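Colleague: I am sharing structure-v3.cif, which consists of mmCIF, C-alpha atoms:
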```
data_data
#
loop_
_atom_site.label_atom_id
_atom_site.label_comp_id
_atom_site.auth_asym_id
_atom_site.auth_seq_id
_atom_site.Cartn_x
_atom_site.Cartn_y
_atom_site.Cartn_z
CA MET A 1 16.06 -22.60 3.80
CA VAL A 2 16.47 -22.01 0.10
CA GLU A 3 18.18 -19.02 -1.38
CA VAL A 4 15.98 -15.96 -1.70
CA GLY A 5 14.69 -15.54 -5.23
CA LEU A 6 11.82 -14.03 -7.14
CA THR A 7 9.28 -16.40 -5.59
CA HIS A 8 9.99 -15.19 -2.08
CA PHE A 9 9.17 -11.62 -2.95
CA LEU A 10 6.02 -12.70 -4.79
CA VAL A 11 4.84 -14.69 -1.76
CA VAL A 12 5.38 -11.70 0.57
CA SER A 13 3.37 -9.59 -1.86
CA ALA A 14 0.60 -12.21 -1.98
CA PHE A 15 0.34 -12.10 1.83
CA LEU A 16 0.13 -8.29 1.82
CA PHE A 17 -2.55 -8.45 -0.87
CA ALA A 18 -4.61 -10.97 1.10
CA PHE A 19 -4.41 -8.93 4.31
CA GLY A 20 -5.37 -5.77 2.47
CA LEU A 21 -8.37 -7.48 0.90
CA TYR A 22 -9.35 -8.82 4.31
CA ALA A 23 -9.30 -5.30 5.74
CA ILE A 24 -11.39 -3.99 2.84
CA ILE A 25 -14.00 -6.72 3.30
CA THR A 26 -14.37 -6.92 7.07
CA ARG A 27 -13.61 -3.48 8.45
CA LYS A 28 -16.48 -1.09 9.05
CA ASN A 29 -14.49 2.07 9.68
CA ALA A 30 -13.82 3.86 6.39
CA ILE A 31 -10.27 4.79 7.38
CA LEU A 32 -9.38 1.17 8.05
CA VAL A 33 -10.78 0.28 4.62
CA LEU A 34 -8.40 2.90 3.23
CA MET A 35 -5.50 1.25 5.07
CA GLY A 36 -6.48 -2.01 3.36
CA VAL A 37 -6.34 -0.29 -0.02
CA GLU A 38 -2.84 0.99 0.78
CA LEU A 39 -1.73 -2.55 1.65
CA VAL A 40 -3.05 -3.85 -1.68
CA LEU A 41 -1.23 -1.09 -3.57
CA ASN A 42 1.98 -1.93 -1.71
CA ALA A 43 1.60 -5.57 -2.71
CA ALA A 44 1.29 -4.57 -6.36
CA ASN A 45 4.36 -2.36 -5.99
CA ILE A 46 6.47 -5.19 -4.60
CA ASN A 47 5.53 -7.29 -7.62
CA PHE A 48 6.49 -4.50 -10.02
CA VAL A 49 9.89 -3.96 -8.41
CA ALA A 50 10.59 -7.69 -8.06
CA PHE A 51 9.87 -8.40 -11.73
CA SER A 52 11.94 -5.37 -12.65
CA ARG A 53 14.87 -6.94 -10.78
CA TYR A 54 14.48 -10.49 -12.07
CA SER A 55 13.73 -9.86 -15.74
CA ASN A 56 15.46 -7.95 -18.48
CA TYR A 57 13.04 -5.09 -18.96
CA GLY A 58 15.32 -2.55 -17.35
CA LEU A 59 13.93 -0.10 -14.85
CA ASN A 60 10.42 0.10 -16.28
CA GLY A 61 8.96 -1.85 -13.37
CA GLN A 62 10.45 0.54 -10.82
CA LEU A 63 9.00 3.46 -12.75
CA MET A 64 5.55 1.84 -12.63
CA ALA A 65 5.98 1.47 -8.86
CA LEU A 66 6.70 5.20 -8.64
CA PHE A 67 3.54 5.98 -10.62
CA VAL A 68 1.53 3.75 -8.29
CA ILE A 69 2.93 5.63 -5.28
CA VAL A 70 1.86 8.95 -6.85
CA LEU A 71 -1.63 7.61 -7.54
CA ALA A 72 -1.85 6.28 -3.98
CA ALA A 73 -1.06 9.75 -2.64
CA ALA A 74 -3.78 11.35 -4.78
CA GLU A 75 -6.24 8.61 -3.82
CA ALA A 76 -5.54 9.04 -0.10
CA ALA A 77 -6.09 12.81 -0.27
CA ILE A 78 -9.41 12.50 -2.14
CA ALA A 79 -10.61 9.62 0.04
CA LEU A 80 -9.85 11.50 3.24
CA ALA A 81 -11.82 14.51 1.96
CA ILE A 82 -14.78 12.24 1.21
CA VAL A 83 -14.49 10.62 4.65
CA LEU A 84 -14.51 14.05 6.32
CA ASN A 85 -17.65 14.98 4.41
CA ILE A 86 -19.29 11.70 5.44
CA TYR A 87 -18.40 12.43 9.06
CA LYS A 88 -19.90 15.93 8.80
CA THR A 89 -23.11 14.51 7.33
CA PHE A 90 -23.65 11.33 9.34
CA GLY A 91 -21.60 11.83 12.50
CA HIS A 92 -19.75 8.54 12.01
CA VAL A 93 -17.71 6.77 9.34
CA ASN A 94 -19.10 3.23 9.50
CA VAL A 95 -19.34 2.23 5.88
CA ASP A 96 -22.08 -0.35 6.47
CA GLU A 97 -24.51 2.22 7.89
CA ILE A 98 -24.05 4.81 5.16
CA ASP A 99 -26.85 3.94 2.76
CA ASN A 100 -28.31 7.35 1.94
CA LEU A 101 -27.13 9.52 -0.91
CA LYS A 102 -28.90 12.55 0.56
CA GLU A 103 -29.22 13.71 4.13
CA MET B 1 22.32 -18.74 4.30
CA SER B 2 23.83 -15.45 3.31
CA ILE B 3 23.39 -12.10 5.00
CA TYR B 4 21.11 -11.07 2.13
CA ASP B 5 18.70 -13.91 2.90
CA LEU B 6 18.81 -13.08 6.60
CA ILE B 7 17.91 -9.44 5.96
CA PHE B 8 15.18 -10.49 3.55
CA TYR B 9 13.56 -12.78 6.12
CA LEU B 10 13.82 -10.01 8.71
CA PHE B 11 12.03 -7.48 6.54
CA ALA B 12 9.51 -10.02 5.22
CA THR B 13 8.59 -11.02 8.78
CA LEU B 14 8.30 -7.36 9.82
CA THR B 15 6.08 -6.61 6.84
CA ILE B 16 3.74 -9.58 7.13
CA VAL B 17 3.40 -9.58 10.94
CA SER B 18 2.70 -5.86 11.11
CA ALA B 19 0.25 -6.11 8.19
CA LEU B 20 -1.55 -8.84 10.13
CA MET B 21 -1.66 -6.55 13.16
CA VAL B 22 -3.04 -3.72 11.01
CA VAL B 23 -6.01 -5.81 9.96
CA SER B 24 -6.60 -7.52 13.30
CA SER B 25 -6.01 -4.74 15.85
CA ASP B 26 -9.08 -3.40 17.64
CA ASN B 27 -7.67 0.07 18.08
CA ILE B 28 -7.60 2.27 15.00
CA VAL B 29 -4.61 4.34 16.17
CA ARG B 30 -2.66 1.15 16.80
CA SER B 31 -3.56 -0.03 13.31
CA ALA B 32 -2.13 3.19 11.89
CA PHE B 33 1.15 2.71 13.75
CA TYR B 34 1.44 -0.92 12.66
CA LEU B 35 0.92 0.37 9.13
CA LEU B 36 4.06 2.46 9.65
CA ALA B 37 6.03 -0.74 10.35
CA THR B 38 4.53 -2.37 7.25
CA PHE B 39 5.56 0.52 5.02
CA PHE B 40 9.03 0.47 6.53
CA GLY B 41 9.37 -3.26 5.86
CA VAL B 42 8.21 -2.84 2.27
CA SER B 43 10.79 -0.09 1.84
CA GLY B 44 13.47 -2.47 3.10
CA ILE B 45 12.33 -5.04 0.54
CA TYR B 46 12.72 -2.41 -2.18
CA VAL B 47 16.30 -1.81 -1.05
CA LEU B 48 16.99 -5.56 -1.25
CA LEU B 49 15.65 -5.50 -4.83
CA GLY B 50 18.09 -2.74 -5.76
CA ALA B 51 15.46 -0.02 -6.00
CA ASP B 52 16.97 2.68 -3.83
CA PHE B 53 15.00 5.60 -5.26
CA VAL B 54 11.68 3.77 -4.93
CA ALA B 55 12.56 2.88 -1.33
CA VAL B 56 13.27 6.49 -0.40
CA THR B 57 10.11 7.63 -2.19
CA GLN B 58 8.16 4.98 -0.28
CA ILE B 59 9.39 6.34 3.03
CA MET B 60 8.82 9.98 2.08
CA VAL B 61 5.40 9.64 0.45
CA TYR B 62 3.86 6.79 2.42
CA ILE B 63 5.22 7.39 5.91
CA GLY B 64 5.63 11.15 5.57
CA GLY B 65 2.45 11.81 3.64
CA ILE B 66 -0.20 9.14 3.46
CA LEU B 67 0.21 7.84 7.00
CA ILE B 68 0.05 11.37 8.44
CA LEU B 69 -3.06 11.99 6.34
CA LEU B 70 -4.64 8.79 7.69
CA LEU B 71 -3.78 9.81 11.27
CA PHE B 72 -5.40 13.18 10.68
CA GLY B 73 -8.43 11.32 9.36
CA VAL B 74 -8.52 9.21 12.52
CA MET B 75 -8.27 12.26 14.75
CA LEU B 76 -10.91 14.22 12.85
CA THR B 77 -13.47 11.42 12.73
CA SER B 78 -13.20 9.75 16.15
CA ASN B 79 -13.43 10.90 19.71
CA ILE B 80 -9.98 10.66 21.22
CA THR B 81 -11.42 9.17 24.40
CA ASN B 82 -13.26 6.52 22.44
CA VAL B 83 -11.15 5.29 19.54
CA GLU B 84 -12.48 1.74 19.57
CA ILE B 85 -13.91 0.95 16.18
CA LYS B 86 -16.85 -1.14 15.25
CA LYS B 87 -15.58 -4.56 14.34
CA GLY B 88 -17.10 -6.69 11.65
CA THR B 89 -18.31 -9.81 13.45
CA ALA B 90 -20.77 -11.63 11.22
CA LYS B 91 -18.64 -11.44 8.12
CA ILE B 92 -15.30 -12.52 9.61
CA LEU B 93 -15.64 -16.28 9.07
CA PRO B 94 -16.66 -16.14 5.38
CA ALA B 95 -14.02 -13.48 4.79
CA VAL B 96 -11.30 -15.63 6.37
CA ILE B 97 -12.37 -18.65 4.31
CA GLY B 98 -12.54 -16.70 1.07
CA ILE B 99 -9.28 -14.85 1.60
CA GLY B 100 -7.61 -18.11 2.68
CA ILE B 101 -8.64 -19.83 -0.54
CA LEU B 102 -7.51 -16.84 -2.59
CA LEU B 103 -4.17 -16.66 -0.77
CA GLY B 104 -3.58 -20.38 -1.21
CA ALA B 105 -4.36 -20.17 -4.92
CA VAL B 106 -2.12 -17.14 -5.50
CA VAL B 107 0.78 -18.58 -3.49
CA SER B 108 0.57 -21.94 -5.23
CA VAL B 109 0.56 -20.25 -8.64
CA MET B 110 3.50 -18.05 -7.65
CA THR B 111 5.57 -20.97 -6.34
CA ARG B 112 4.79 -23.50 -9.10
CA THR B 113 5.29 -21.26 -12.11
CA LYS B 114 8.67 -21.59 -13.76
CA TRP B 115 9.61 -17.93 -13.95
CA LYS B 116 12.08 -16.91 -16.59
CA ILE B 117 14.75 -15.50 -14.33
CA HIS B 118 17.12 -13.06 -15.95
CA LEU B 119 19.15 -11.43 -13.21
CA THR B 120 20.01 -8.01 -14.56
CA GLU B 121 22.87 -5.89 -13.38
CA ILE B 122 21.28 -3.14 -11.33
CA PRO B 123 23.12 0.16 -11.67
CA GLN B 124 24.71 1.46 -8.50
CA THR B 125 22.20 4.28 -8.18
CA THR B 126 18.92 4.03 -10.04
CA SER B 127 17.87 7.66 -9.76
CA PHE B 128 19.88 8.77 -12.83
CA GLU B 129 18.42 6.04 -15.05
CA LEU B 130 14.91 6.60 -13.67
CA GLY B 131 15.15 10.32 -14.33
CA LYS B 132 16.31 9.70 -17.87
CA LEU B 133 13.38 7.35 -18.52
CA LEU B 134 11.00 9.86 -16.95
CA ILE B 135 11.85 12.62 -19.41
CA THR B 136 12.15 10.39 -22.50
CA ASP B 137 9.90 7.33 -22.72
CA TYR B 138 7.47 8.29 -20.00
CA VAL B 139 7.28 12.04 -20.41
CA LEU B 140 3.55 11.98 -21.23
CA VAL B 141 2.76 9.89 -18.14
CA PHE B 142 4.91 12.23 -16.08
CA GLU B 143 3.01 15.32 -17.24
CA LEU B 144 -0.36 13.62 -16.84
CA LEU B 145 0.52 12.58 -13.29
CA GLY B 146 1.45 16.17 -12.49
CA ILE B 147 -1.92 17.41 -13.73
CA LEU B 148 -3.70 14.58 -11.90
CA LEU B 149 -1.99 15.50 -8.62
CA LEU B 150 -3.00 19.14 -9.10
CA ILE B 151 -6.61 18.15 -9.77
CA ALA B 152 -6.64 15.81 -6.77
CA LEU B 153 -5.19 18.52 -4.52
CA ILE B 154 -7.70 21.17 -5.59
CA GLY B 155 -10.58 18.68 -5.46
CA ALA B 156 -9.66 17.42 -2.00
CA ALA B 157 -9.25 20.94 -0.62
CA SER B 158 -12.53 22.18 -2.05
CA MET B 159 -14.40 19.07 -0.91
CA ALA B 160 -13.05 19.10 2.63
CA ARG B 161 -13.63 22.83 3.14
CA ARG B 162 -17.19 22.99 1.86
CA GLU B 163 -19.36 24.65 4.49
CA GLN B 164 -22.68 23.17 5.47
CA GLU B 165 -25.56 25.39 4.37
#
```
Take the structure in the file and give it back as structure tokens.

Modeller:
Amino acid sequence: MVEVGLTHFLVVSAFLFAFGLYAIITRKNAILVLMGVELVLNAANINFVAFSRYSNYGLNGQLMALFVIVLAAAEAAIALAIVLNIYKTFGHVNVDEIDNLKE
Amino acid sequence: MSIYDLIFYLFATLTIVSALMVVSSDNIVRSAFYLLATFFGVSGIYVLLGADFVAVTQIMVYIGGILILLLFGVMLTSNITNVEIKKGTAKILPAVIGIGILLGAVVSVMTRTKWKIHLTEIPQTTSFELGKLLITDYVLVFELLGILLLIALIGAASMARREQE
């Protein structure tokens, strides 16, 4: 096994990204789609922090990761509110069956 | 193989295997708990990259906030006795093929590129430097994020509490 370098972290992040995208595409429950979005955001964060470590741009990458975490928190709160409204309106949260804008 | 590599492989395996379980588990509650393991593994990877503050923030915000929010979402939108979710069946094969091609392309690009490695000296604790950057270079982003969080909070609360007429 080779010594752990930048590439290893990037490959882990690529796997997380692929799994997140898979969840977004195939899952029908809206909350599982949200989990996929969180995985994708985590993959982006790993890239930010890894490049921050292995290049000479200082701590800017880590700061971007912090901003992404804040945005993820806001996104999760809004998305959960929307999902609750969908559940109140339709009685389920299957994203493939929700095709009406009005009740 | 140093202890650093060993810990990296441990956390990488934890992250990837639990992420795979998140997307392949049939039970939505189980998916949420595998997501906890994924977040924990990612936080360990941050520690290995010398980002202690980001790692702690990851644990506090993701595991303490977002995951709890998702679990509340699960509990409010499913019957506890029947938490099995509808699985996508028809789309799984094309999705696997497409994602496989994408993953192969991304991994091959990542591994073949000659990255300009410049191993910087990470300060012992990053929180002081991060805080200094946050109130100098990034002060506008900082303020905007504060306002955005306030808007998101008010919007989410008003949306979730709206009564049906």

Colleague: Excluding same-chain residues fewer than 6 positions from Glu97 (chain A), what lies within 12 Å of it counting only C-alpha atoms, as a CSV table (one decimal) with C-alpha atoms, keeping the file's coordinate frame?

Modeller:
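As a result, out-v9.csv now contains:
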```csv
chain,number,residue,atom,x,y,z
A,28,LYS,CA,-16.5,-1.1,9.0
A,29,ASN,CA,-14.5,2.1,9.7
A,30,ALA,CA,-13.8,3.9,6.4
A,86,ILE,CA,-19.3,11.7,5.4
A,87,TYR,CA,-18.4,12.4,9.1
A,90,PHE,CA,-23.6,11.3,9.3
A,91,GLY,CA,-21.6,11.8,12.5
B,86,LYS,CA,-16.8,-1.1,15.2
```

Colleague: Could you write out as a list in words the residues that the PyMOL selection byres ((chain A and resi 67-71) around 8) matches in the shown file?

Modeller: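 Evaluating the PyMOL selection byres ((chain A and resi 67-71) around 8) on these coordinates yields Leu41, Asn45, Leu63, Met64, Ala65, Leu66, Ala72, Ala73, Ala74 and Glu75 of chain A; Gln58, Val61, Tyr62, Leu145 and Leu149 of chain B.
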
Colleague: Take the PyMOL selection byres ((chain A) within 7 of (chain B)), run it mentally on this structure, and tell me the resulting residues as a PDB file with C-alpha atoms, in the coordinates of the input.

Modeller:
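In the end it all went to part.pdb:
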```pdb
ATOM      1  CA  GLU A   3      18.180 -19.020  -1.380  1.00  0.00           C
ATOM      2  CA  VAL A   4      15.980 -15.960  -1.700  1.00  0.00           C
ATOM      3  CA  THR A   7       9.280 -16.400  -5.590  1.00  0.00           C
ATOM      4  CA  LEU A  10       6.020 -12.700  -4.790  1.00  0.00           C
ATOM      5  CA  VAL A  11       4.840 -14.690  -1.760  1.00  0.00           C
ATOM      6  CA  VAL A  12       5.380 -11.700   0.570  1.00  0.00           C
ATOM      7  CA  ALA A  14       0.600 -12.210  -1.980  1.00  0.00           C
ATOM      8  CA  PHE A  15       0.340 -12.100   1.830  1.00  0.00           C
ATOM      9  CA  LEU A  16       0.130  -8.290   1.820  1.00  0.00           C
ATOM     10  CA  ALA A  18      -4.610 -10.970   1.100  1.00  0.00           C
ATOM     11  CA  PHE A  19      -4.410  -8.930   4.310  1.00  0.00           C
ATOM     12  CA  TYR A  22      -9.350  -8.820   4.310  1.00  0.00           C
ATOM     13  CA  ALA A  23      -9.300  -5.300   5.740  1.00  0.00           C
ATOM     14  CA  ILE A  25     -14.000  -6.720   3.300  1.00  0.00           C
ATOM     15  CA  THR A  26     -14.370  -6.920   7.070  1.00  0.00           C
ATOM     16  CA  ARG A  27     -13.610  -3.480   8.450  1.00  0.00           C
ATOM     17  CA  LYS A  28     -16.480  -1.090   9.050  1.00  0.00           C
ATOM     18  CA  ASN A  29     -14.490   2.070   9.680  1.00  0.00           C
ATOM     19  CA  ILE A  31     -10.270   4.790   7.380  1.00  0.00           C
ATOM     20  CA  VAL A  49       9.890  -3.960  -8.410  1.00  0.00           C
ATOM     21  CA  ALA A  50      10.590  -7.690  -8.060  1.00  0.00           C
ATOM     22  CA  ARG A  53      14.870  -6.940 -10.780  1.00  0.00           C
ATOM     23  CA  TYR A  54      14.480 -10.490 -12.070  1.00  0.00           C
ATOM     24  CA  SER A  55      13.730  -9.860 -15.740  1.00  0.00           C
ATOM     25  CA  ASN A  56      15.460  -7.950 -18.480  1.00  0.00           C
ATOM     26  CA  LEU A  59      13.930  -0.100 -14.850  1.00  0.00           C
ATOM     27  CA  GLN A  62      10.450   0.540 -10.820  1.00  0.00           C
ATOM     28  CA  LEU A  63       9.000   3.460 -12.750  1.00  0.00           C
ATOM     29  CA  LEU A  66       6.700   5.200  -8.640  1.00  0.00           C
ATOM     30  CA  ALA A  73      -1.060   9.750  -2.640  1.00  0.00           C
ATOM     31  CA  ALA A  74      -3.780  11.350  -4.780  1.00  0.00           C
ATOM     32  CA  ALA A  76      -5.540   9.040  -0.100  1.00  0.00           C
ATOM     33  CA  ALA A  77      -6.090  12.810  -0.270  1.00  0.00           C
ATOM     34  CA  ILE A  78      -9.410  12.500  -2.140  1.00  0.00           C
ATOM     35  CA  LEU A  80      -9.850  11.500   3.240  1.00  0.00           C
ATOM     36  CA  ALA A  81     -11.820  14.510   1.960  1.00  0.00           C
ATOM     37  CA  LEU A  84     -14.510  14.050   6.320  1.00  0.00           C
ATOM     38  CA  ASN A  85     -17.650  14.980   4.410  1.00  0.00           C
ATOM     39  CA  TYR A  87     -18.400  12.430   9.060  1.00  0.00           C
ATOM     40  CA  HIS A  92     -19.750   8.540  12.010  1.00  0.00           C
TER      41      HIS A  92
END
```

Colleague: Of the residues A:Phe17, A:Ser52, A:Asn47, A:Val2, which is the one nearest to Met35 (chain A), using all atoms listed in the file?

Modeller: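 Nearest candidate to Met35 (chain A) out of A:Phe17, A:Ser52, A:Asn47, A:Val2: A:Phe17.
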
Colleague: Return the single residue from B:Gln124, B:Ile97, B:Leu36, B:Glu143 that is closest to Gly64 (chain B), with distances computed using all atoms listed in the file.

Modeller: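 Closest residue, counting all atoms listed in the file: B:Leu36.
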
Colleague: What gap, in Å, lies between CA of Asp26 (chain B) and CA of Asp99 (chain A)?

Modeller: 24.3 Å

Colleague: Could you work out how far CA of Val37 (chain A) lies from CA of Val95 (chain A), giving the answer in Å with one decimal?

Modeller: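 Straight-line distance from CA of Val95 (chain A) to CA of Val37 (chain A) works out to 14.5 Å.
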
Colleague: Rounded to one decimal, what separation in Å do you get between CA of His8 (chain A) and CA of Ile7 (chain B)?

Modeller: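 Interatomic distance here is 12.7 Å.
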
Colleague: Of the residues A:Val93, A:Ile24, A:Phe51, A:Glu38, which is the one nearest to Gly5 (chain A), using only C-alpha atoms?

Modeller: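 So, comparing all the options, the nearest one is A:Phe51.
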